[in-house]
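Chemist: To be precise about what I am sending: the file is called work08.cif and holds mmCIF, C-alpha atoms.
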```cif
data_work
#
loop_
_atom_site.label_atom_id
_atom_site.label_comp_id
_atom_site.auth_asym_id
_atom_site.auth_seq_id
_atom_site.Cartn_x
_atom_site.Cartn_y
_atom_site.Cartn_z
CA MET U 1 8.16 -11.78 -7.50
CA ASN U 2 6.57 -12.26 -4.11
CA GLU U 3 8.34 -9.34 -2.53
CA ASN U 4 7.41 -6.77 -5.12
CA LEU U 5 3.86 -8.03 -5.32
CA PHE U 6 3.18 -6.61 -1.90
CA ALA U 7 5.57 -3.70 -2.07
CA SER U 8 2.91 -1.38 -3.39
CA PHE U 9 0.96 -1.81 -0.18
CA ALA U 10 3.78 -0.67 2.08
CA THR U 11 3.38 2.66 3.81
CA PRO U 12 5.03 5.22 1.56
CA THR U 13 8.05 6.92 3.02
CA MET U 14 10.36 9.17 1.11
CA MET U 15 13.81 9.48 2.61
CA GLY U 16 12.42 8.33 5.92
CA LEU U 17 9.60 10.87 6.03
CA PRO U 18 6.10 9.45 6.18
CA ILE U 19 4.41 11.10 3.23
CA VAL U 20 1.35 8.92 3.57
CA ILE U 21 -0.39 11.92 5.10
CA LEU U 22 0.22 13.89 1.90
CA ILE U 23 -1.15 11.05 -0.17
CA ILE U 24 -4.28 10.81 1.97
CA MET U 25 -4.82 14.54 1.64
CA PHE U 26 -4.23 14.60 -2.11
CA PRO U 27 -7.86 13.94 -3.22
CA SER U 28 -8.94 17.12 -1.46
CA ILE U 29 -7.13 19.17 -4.09
CA LEU U 30 -9.37 17.67 -6.75
CA PHE U 31 -12.52 19.01 -5.09
CA PRO U 32 -12.35 22.81 -5.12
CA SER U 33 -14.95 24.67 -3.13
CA PRO U 34 -17.65 26.58 -5.01
CA ASN U 35 -17.47 30.35 -4.69
CA ARG U 36 -20.12 31.64 -7.03
CA LEU U 37 -23.60 30.93 -8.21
CA ILE U 38 -22.40 29.54 -11.54
CA ASN U 39 -19.03 27.85 -11.20
CA ASN U 40 -16.52 26.36 -13.57
CA ARG U 41 -17.16 22.98 -15.14
CA LEU U 42 -15.29 20.90 -12.62
CA ILE U 43 -17.18 22.29 -9.65
CA SER U 44 -20.51 22.15 -11.49
CA ILE U 45 -20.08 18.47 -12.27
CA GLN U 46 -19.11 17.71 -8.69
CA GLN U 47 -22.02 19.73 -7.32
CA TRP U 48 -24.47 17.91 -9.55
CA LEU U 49 -23.11 14.51 -8.50
CA VAL U 50 -23.19 15.37 -4.81
CA GLN U 51 -26.77 16.63 -5.04
CA LEU U 52 -27.86 13.52 -6.91
CA THR U 53 -26.22 11.21 -4.36
CA SER U 54 -27.36 13.08 -1.28
CA LYS U 55 -30.97 13.22 -2.40
CA GLN U 56 -31.00 9.51 -3.05
CA MET U 57 -29.19 8.52 0.10
CA MET U 58 -30.77 10.78 2.68
CA ALA U 59 -34.35 10.44 1.51
CA ILE U 60 -35.07 7.55 3.86
CA HIS U 61 -34.05 9.36 7.01
CA ASN U 62 -36.10 11.57 9.29
CA SER U 63 -34.92 15.04 10.21
CA LYS U 64 -32.72 13.72 12.99
CA GLY U 65 -30.93 11.34 10.64
CA GLN U 66 -30.54 14.01 8.00
CA THR U 67 -28.16 15.91 10.24
CA TRP U 68 -25.65 13.24 9.20
CA THR U 69 -25.79 14.31 5.55
CA LEU U 70 -22.49 16.17 5.57
CA MET U 71 -20.70 13.28 7.24
CA LEU U 72 -22.03 10.65 4.85
CA MET U 73 -21.48 12.73 1.72
CA SER U 74 -17.90 13.51 2.62
CA LEU U 75 -17.42 9.83 3.44
CA ILE U 76 -18.60 8.63 0.05
CA LEU U 77 -16.56 11.32 -1.72
CA PHE U 78 -13.43 10.39 0.19
CA ILE U 79 -13.69 6.63 -0.28
CA GLY U 80 -14.73 6.96 -3.92
CA SER U 81 -11.97 9.35 -4.86
CA THR U 82 -9.31 7.45 -2.93
CA ASN U 83 -10.28 4.15 -4.56
CA LEU U 84 -10.40 5.66 -8.04
CA LEU U 85 -7.02 7.37 -7.60
CA GLY U 86 -5.58 4.03 -6.54
CA LEU U 87 -6.27 2.68 -10.01
CA LEU U 88 -3.67 4.98 -11.52
CA PRO U 89 -0.34 3.26 -12.11
CA TYR U 90 2.18 3.24 -9.27
CA SER U 91 -0.15 4.95 -6.84
CA PHE U 92 -0.74 4.06 -3.23
CA THR U 93 -4.30 3.46 -2.03
CA PRO U 94 -4.85 4.33 1.62
CA THR U 95 -8.01 2.26 1.79
CA THR U 96 -6.00 -0.93 1.40
CA GLN U 97 -4.74 -0.41 4.92
CA LEU U 98 -6.96 -2.06 7.51
CA SER U 99 -5.92 0.52 10.07
CA MET U 100 -7.48 3.32 8.14
CA ASN U 101 -10.69 1.49 7.37
CA LEU U 102 -11.11 0.48 11.00
CA GLY U 103 -10.51 4.09 11.92
CA MET U 104 -13.37 5.07 9.65
CA ALA U 105 -15.75 2.25 10.47
CA ILE U 106 -15.59 2.00 14.25
CA PRO U 107 -16.32 5.65 15.13
CA LEU U 108 -19.16 5.91 12.64
CA TRP U 109 -20.80 2.67 13.73
CA ALA U 110 -20.29 3.51 17.40
CA GLY U 111 -21.82 6.93 16.79
CA THR U 112 -24.99 5.43 15.38
CA VAL U 113 -25.25 2.84 18.16
CA PHE U 114 -24.73 5.31 20.95
CA MET U 115 -27.17 7.71 19.37
CA GLY U 116 -29.74 4.95 19.25
CA PHE U 117 -29.20 3.97 22.85
CA ARG U 118 -29.36 7.53 24.02
CA HIS U 119 -32.51 8.66 22.26
CA LYS U 120 -34.56 5.53 21.83
CA THR U 121 -33.24 3.18 24.48
CA LYS U 122 -36.13 0.76 24.46
CA ALA U 123 -36.24 0.45 20.69
CA ALA U 124 -32.46 0.07 20.47
CA LEU U 125 -32.52 -2.74 23.00
CA ALA U 126 -35.46 -4.31 21.24
CA HIS U 127 -33.32 -4.83 18.18
CA PHE U 128 -31.64 -7.66 19.98
CA LEU U 129 -34.73 -9.82 19.82
CA PRO U 130 -36.62 -10.24 16.54
CA GLN U 131 -40.36 -10.50 16.81
CA GLY U 132 -42.11 -13.79 17.14
CA THR U 133 -39.30 -15.99 18.37
CA PRO U 134 -40.22 -19.05 20.41
CA ILE U 135 -39.60 -18.48 24.11
CA PHE U 136 -37.04 -21.14 24.64
CA LEU U 137 -34.83 -19.70 21.87
CA ILE U 138 -34.61 -16.23 23.46
CA PRO U 139 -31.28 -16.48 25.35
CA MET U 140 -29.43 -17.94 22.38
CA LEU U 141 -30.91 -15.42 19.99
CA VAL U 142 -29.94 -12.49 22.19
CA ILE U 143 -26.38 -13.74 22.21
CA ILE U 144 -26.40 -14.16 18.44
CA GLU U 145 -27.83 -10.69 17.86
CA THR U 146 -25.23 -9.16 20.16
CA ILE U 147 -22.45 -10.86 18.26
CA SER U 148 -23.90 -9.70 14.96
CA LEU U 149 -24.08 -6.16 16.29
CA PHE U 150 -20.45 -6.12 17.34
CA ILE U 151 -19.31 -7.63 14.10
CA GLN U 152 -20.79 -4.75 12.07
CA PRO U 153 -17.80 -2.35 12.27
CA VAL U 154 -15.28 -5.13 11.69
CA ALA U 155 -17.26 -6.29 8.66
CA LEU U 156 -17.43 -2.75 7.29
CA ALA U 157 -13.69 -2.27 7.53
CA VAL U 158 -12.63 -5.71 6.38
CA ARG U 159 -15.04 -5.66 3.43
CA LEU U 160 -13.53 -2.48 2.07
CA THR U 161 -9.94 -3.55 2.70
CA ALA U 162 -10.35 -7.00 1.23
CA ASN U 163 -12.17 -5.88 -1.90
CA ILE U 164 -9.72 -3.16 -2.85
CA THR U 165 -6.63 -5.14 -1.92
CA ALA U 166 -7.81 -8.24 -3.76
CA GLY U 167 -8.57 -6.24 -6.88
CA HIS U 168 -5.15 -4.61 -6.92
CA LEU U 169 -3.38 -7.92 -6.32
CA LEU U 170 -5.31 -9.61 -9.12
CA MET U 171 -4.37 -6.86 -11.53
CA HIS U 172 -0.70 -7.15 -10.56
CA LEU U 173 -0.76 -10.92 -11.00
CA ILE U 174 -2.61 -11.00 -14.31
CA GLY U 175 -0.47 -8.17 -15.67
CA GLY U 176 2.66 -10.05 -14.71
CA ALA U 177 1.30 -13.21 -16.29
CA THR U 178 0.57 -11.36 -19.53
CA LEU U 179 4.11 -10.05 -19.68
CA ALA U 180 5.60 -13.46 -18.98
CA LEU U 181 3.42 -15.15 -21.57
CA MET U 182 4.29 -12.67 -24.30
CA SER U 183 7.56 -14.40 -25.14
CA ILE U 184 6.12 -17.90 -24.92
CA SER U 185 2.84 -17.71 -26.77
CA PRO U 186 1.41 -14.37 -27.97
CA SER U 187 -2.14 -15.67 -28.45
CA THR U 188 -2.43 -16.72 -24.82
CA ALA U 189 -0.96 -13.36 -23.89
CA LEU U 190 -3.71 -11.71 -25.90
CA ILE U 191 -6.39 -13.63 -24.03
CA THR U 192 -4.78 -12.70 -20.74
CA PHE U 193 -4.64 -9.09 -21.83
CA ILE U 194 -8.35 -9.09 -22.57
CA ILE U 195 -8.93 -10.53 -19.12
CA LEU U 196 -6.84 -7.68 -17.73
CA ILE U 197 -8.96 -5.09 -19.53
CA LEU U 198 -12.15 -6.63 -18.20
CA LEU U 199 -10.68 -6.70 -14.73
CA THR U 200 -9.77 -3.03 -14.96
CA ILE U 201 -13.33 -2.16 -15.88
CA LEU U 202 -14.48 -4.22 -12.92
CA GLU U 203 -12.05 -2.42 -10.66
CA PHE U 204 -13.44 0.95 -11.66
CA ALA U 205 -16.89 -0.27 -10.80
CA VAL U 206 -15.72 -1.85 -7.56
CA ALA U 207 -14.01 1.34 -6.47
CA MET U 208 -17.22 3.27 -6.66
CA ILE U 209 -19.45 0.51 -5.44
CA GLN U 210 -17.41 -0.04 -2.32
CA ALA U 211 -17.67 3.60 -1.43
CA TYR U 212 -21.40 3.41 -1.95
CA VAL U 213 -21.80 0.25 0.08
CA PHE U 214 -19.81 1.59 3.00
CA THR U 215 -21.83 4.74 3.14
CA LEU U 216 -25.11 2.95 2.58
CA LEU U 217 -24.51 0.60 5.46
CA VAL U 218 -23.58 3.39 7.80
CA SER U 219 -26.73 5.17 6.82
CA LEU U 220 -28.68 1.98 7.42
CA TYR U 221 -27.30 1.67 10.90
CA LEU U 222 -28.22 5.29 11.36
CA HIS U 223 -31.76 4.67 10.20
CA ASP U 224 -32.15 1.89 12.70
CA ASN U 225 -31.05 4.10 15.50
CA THR U 226 -32.69 7.46 14.91
CA MET I 1 6.22 39.32 -2.45
CA ALA I 2 5.29 42.58 -4.04
CA SER I 3 6.66 43.13 -7.49
CA VAL I 4 7.29 46.74 -8.20
CA VAL I 5 6.43 47.69 -11.79
CA CYS I 6 8.12 51.00 -12.57
CA VAL I 7 6.81 52.38 -15.79
CA PHE I 8 7.53 56.05 -15.30
CA SER I 9 10.19 55.89 -12.65
CA SER I 10 12.44 58.66 -11.72
CA SER I 11 14.92 56.11 -10.36
CA PHE I 12 15.63 53.14 -12.65
CA SER I 13 16.74 50.77 -9.90
CA VAL I 14 14.26 48.39 -8.28
CA PRO I 15 15.37 46.87 -4.98
CA LEU I 16 16.66 43.32 -5.43
CA LYS I 17 14.21 41.92 -2.91
CA GLU I 18 11.21 42.95 -4.95
CA LYS I 19 12.29 41.91 -8.42
CA LYS I 20 10.52 39.12 -10.24
CA LEU I 21 12.59 36.09 -11.16
CA MET I 22 12.83 36.90 -14.84
CA GLU I 23 14.22 40.34 -14.10
CA VAL I 24 16.99 39.19 -11.80
CA LYS I 25 20.42 39.24 -13.39
CA LEU I 26 22.37 36.00 -13.36
CA GLY I 27 25.04 37.29 -11.02
CA GLU I 28 22.43 38.40 -8.52
CA LEU I 29 20.70 35.04 -8.49
CA PRO I 30 22.26 33.52 -5.33
CA SER I 31 21.59 36.62 -3.24
CA TRP I 32 18.05 36.80 -4.64
CA ILE I 33 17.38 33.19 -3.63
CA LEU I 34 18.76 33.81 -0.16
CA MET I 35 16.51 36.80 0.30
CA ARG I 36 13.30 34.78 -0.26
CA ASP I 37 10.99 34.14 2.62
CA PHE I 38 11.68 30.65 3.97
CA THR I 39 9.56 30.86 7.09
CA PRO I 40 6.65 28.39 7.29
CA LYS I 41 4.29 31.21 6.48
CA GLY I 42 6.34 32.12 3.44
CA ILE I 43 6.45 28.53 2.20
CA ALA I 44 2.70 28.16 2.71
CA GLY I 45 2.22 31.38 0.79
CA ALA I 46 4.32 30.04 -2.06
CA PHE I 47 2.23 26.85 -2.26
CA GLN I 48 -0.97 28.86 -2.17
CA ARG I 49 0.22 31.16 -4.94
CA GLY I 50 1.28 28.22 -7.08
CA TYR I 51 -2.03 26.44 -6.53
CA TYR I 52 -4.11 29.47 -7.50
CA ARG I 53 -1.91 30.18 -10.48
CA TYR I 54 -2.60 26.70 -11.87
CA TYR I 55 -6.25 26.71 -10.83
CA ASN I 56 -7.07 30.05 -12.41
CA LYS I 57 -5.25 29.22 -15.60
CA TYR I 58 -6.64 25.76 -16.35
CA ILE I 59 -9.68 25.00 -14.24
CA ASN I 60 -11.44 28.18 -13.23
CA VAL I 61 -12.16 29.17 -16.84
CA LYS I 62 -15.36 29.30 -18.78
CA LYS I 63 -14.66 26.24 -20.89
CA GLY I 64 -12.32 24.15 -18.82
CA SER I 65 -11.41 20.87 -20.42
CA VAL I 66 -10.25 17.50 -19.21
CA ALA I 67 -6.64 18.62 -19.72
CA GLY I 68 -6.70 20.68 -16.54
CA ILE I 69 -7.34 17.78 -14.24
CA SER I 70 -5.46 15.17 -16.26
CA MET I 71 -2.26 17.20 -15.96
CA VAL I 72 -2.64 16.97 -12.20
CA LEU I 73 -3.19 13.21 -12.38
CA ALA I 74 -0.19 12.75 -14.67
CA ALA I 75 1.96 14.67 -12.19
CA TYR I 76 0.62 12.43 -9.42
CA VAL I 77 1.56 9.30 -11.37
CA LEU I 78 5.04 10.72 -12.00
CA PHE I 79 5.45 11.57 -8.33
CA ASN I 80 4.54 8.05 -7.29
CA TYR I 81 6.89 6.58 -9.87
CA CYS I 82 9.77 8.62 -8.52
CA ARG I 83 8.79 7.65 -5.00
CA SER I 84 8.95 3.92 -5.70
CA TYR I 85 11.81 3.94 -8.22
CA LYS I 86 14.05 2.03 -5.87
CA GLU I 87 11.82 -1.02 -5.89
CA LEU I 88 10.84 -0.69 -9.54
CA LYS I 89 14.49 -0.65 -10.60
CA HIS I 90 14.66 -4.38 -10.06
CA GLU I 91 11.77 -5.12 -12.37
CA ARG I 92 13.45 -3.95 -15.53
CA ARG I 93 14.35 -6.46 -18.18
CA ARG I 94 18.10 -6.44 -17.82
CA LYS I 95 20.70 -9.11 -17.59
CA TYR I 96 22.40 -7.53 -14.60
CA HIS I 97 20.23 -5.56 -12.19
#
```
Could you rewrite the structure in this file as structure tokens?

Modeler:
Amino acid sequence: MNENLFASFATPTMMGLPIVILIIMFPSILFPSPNRLINNRLISIQQWLVQLTSKQMMAIHNSKGQTWTLMLMSLILFIGSTNLLGLLPYSFTPTTQLSMNLGMAIPLWAGTVFMGFRHKTKAALAHFLPQGTPIFLIPMLVIIETISLFIQPVALAVRLTANITAGHLLMHLIGGATLALMSISPSTALITFIILILLTILEFAVAMIQAYVFTLLVSLYLHDNT
Amino acid sequence: MASVVCVFSSSFSVPLKEKKLMEVKLGELPSWILMRDFTPKGIAGAFQRGYYRYYNKYINVKKGSVAGISMVLAAYVLFNYCRSYKELKHERRRKYH
């Protein structure tokens, strides 16, 4: 049971060909581009959602930060759709791979930091020292703030990976337990099945929330640095 | 691929290369397949045609329903099942795997 618990997280290859690229690109098919003023229902729904999200998320930024709108909107669409597609049976979720999440988190975080250092150097450096600290605490606090700055991209990536992976693993385990209990005691299997349903609802929420949190934090780092 | 539709044709024979699949006779099928365009550009064109055929039939309509996108998702599930059949084979409830 241990081997096939983790088999769904292996990089998908078909006859030796890495088709993981195809699987990463699959959500783009589900978002057709709008051609007309009034589009079909699928595009209209997606347009409405993107406008709702972008207004809420980019409202706090100044005009310099709002140049990042396209990047952040495509980020939340990508993470949200990839996580939701991973809830389908037998599918592979690219966001369970730490490599991909690090590849998303580090460039975005580094972009905000470098932008902050380039445009507002004094203010960016001032972030390392909160106001009103006693003088003899300054060296230690600067070290702590530096560490907390460098941990931001790692935390972004690991948060997403761990949440999605843990959710998928839990569903595998509880599903397997339900099946095994069915022959022993159907009432316990029923309870376990209800737990599975609740967990699936949670996973749907988590899929979208994680996308939101990732994007929100990147935008927060951006806000600090513009 | 241009399909020649001869309604009032002086000559009743359409070249084999330009026939649609349903009009090809069974004996001509192998030569028809071999005459298709297998260059990368041709394959990309085939994918593009297939995509727009599905899109314009089920999604780009005035009252598209959930069936259009759920057929795509069902095909995705099936594709992933076929991809991981080798590992899933061992999880069946059989006496001898």

Chemist: Given the file shown, enumerate the residues that the PyMOL selection byres ((chain I) within 9 of (chain U)) captures and present them as a list in words.

Modeler: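 With the shown file as input, the PyMOL selection byres ((chain I) within 9 of (chain U)) matches Ile59, Asn60, Val61, Lys62, Lys63, Gly64, Ser65, Val66, Ile69, Val72, Leu73, Tyr76, Val77, Leu78, Phe79, Asn80, Tyr81, Arg83, Ser84, Glu87, Leu88 and Glu91 of chain I.
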
Chemist: Give me a file of those residues, with C-alpha atoms, as a PDB file, in the frame of the given file.

Modeler:
```pdb
ATOM      1  CA  ILE I  59      -9.680  25.000 -14.240  1.00  0.00           C
ATOM      2  CA  ASN I  60     -11.440  28.180 -13.230  1.00  0.00           C
ATOM      3  CA  VAL I  61     -12.160  29.170 -16.840  1.00  0.00           C
ATOM      4  CA  LYS I  62     -15.360  29.300 -18.780  1.00  0.00           C
ATOM      5  CA  LYS I  63     -14.660  26.240 -20.890  1.00  0.00           C
ATOM      6  CA  GLY I  64     -12.320  24.150 -18.820  1.00  0.00           C
ATOM      7  CA  SER I  65     -11.410  20.870 -20.420  1.00  0.00           C
ATOM      8  CA  VAL I  66     -10.250  17.500 -19.210  1.00  0.00           C
ATOM      9  CA  ILE I  69      -7.340  17.780 -14.240  1.00  0.00           C
ATOM     10  CA  VAL I  72      -2.640  16.970 -12.200  1.00  0.00           C
ATOM     11  CA  LEU I  73      -3.190  13.210 -12.380  1.00  0.00           C
ATOM     12  CA  TYR I  76       0.620  12.430  -9.420  1.00  0.00           C
ATOM     13  CA  VAL I  77       1.560   9.300 -11.370  1.00  0.00           C
ATOM     14  CA  LEU I  78       5.040  10.720 -12.000  1.00  0.00           C
ATOM     15  CA  PHE I  79       5.450  11.570  -8.330  1.00  0.00           C
ATOM     16  CA  ASN I  80       4.540   8.050  -7.290  1.00  0.00           C
ATOM     17  CA  TYR I  81       6.890   6.580  -9.870  1.00  0.00           C
ATOM     18  CA  ARG I  83       8.790   7.650  -5.000  1.00  0.00           C
ATOM     19  CA  SER I  84       8.950   3.920  -5.700  1.00  0.00           C
ATOM     20  CA  GLU I  87      11.820  -1.020  -5.890  1.00  0.00           C
ATOM     21  CA  LEU I  88      10.840  -0.690  -9.540  1.00  0.00           C
ATOM     22  CA  GLU I  91      11.770  -5.120 -12.370  1.00  0.00           C
TER      23      GLU I  91
END
```

Chemist: Please determine the residues with any atom at most 12 Å from (-22.2, -5.0, 15.0) (coordinates as given in the file, with all atoms listed in the file counting) and report them as a list in words.

Modeler: Ala105, Ile106, Leu108, Trp109, Ala110, Thr112, Val113, His127, Phe128, Ile144, Glu145, Thr146, Ile147, Ser148, Leu149, Phe150, Ile151, Gln152, Pro153, Val154, Ala155, Leu156, Ala157, Leu217, Val218 and Tyr221 of chain U

Chemist: Record the distance separating atom CA of Thr192 of chain U and atom CA of Asn83 of chain U, expressed in Å with one decimal.

Modeler: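 We find that atom CA of Thr192 of chain U and atom CA of Asn83 of chain U lie 24.0 Å from each other.
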
Chemist: Expand the PyMOL selection byres ((chain U and resi 73) around 12) into the individual residues it matches in the shown file, reporting them as a PyMOL selection string.

Modeler: chain U and resi 46-47+49-58+66-72+74-80+211-212+214-216+218-219

Chemist: Here's the selection I'm unsure about, the PyMOL selection byres ((chain I and resi 34-36) around 12); applied to the file above, which residues does it give, as a VMD selection string?

Modeler: chain I and resid 1 to 2 15 to 21 28 to 33 37 to 43 45 to 46

Chemist: Hey, can you check how far atom CA of His119 of chain U sits from atom CA of His223 of chain U?

Modeler: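 These atoms are spaced 12.7 Å apart.
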
Chemist: Between atom CA of Met104 of chain U and atom CA of Val158 of chain U, measure the distance and give it in Å to one decimal.

Modeler: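 Going from atom CA of Met104 of chain U over to atom CA of Val158 of chain U, I get 11.3 Å.
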
Chemist: From the set U:Ser81, U:Ile184, U:Leu98, U:Met115, which residue has the shortest atom-to-atom contact distance to Ile209 of chain U, counting all atoms listed in the file?

Modeler: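 Looking at the shortest contact to Ile209 of chain U, the residue is U:Ser81.
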
Chemist: Within 8 Å of segment 196-206 of chain U, counting all atoms listed in the file, which residues qualify if same-chain residues fewer than 4 places away don't, as an NGL selection string?

Modeler: :U and (84 or 87 or 163-164 or 167 or 171 or 174-175 or 192 or 210)
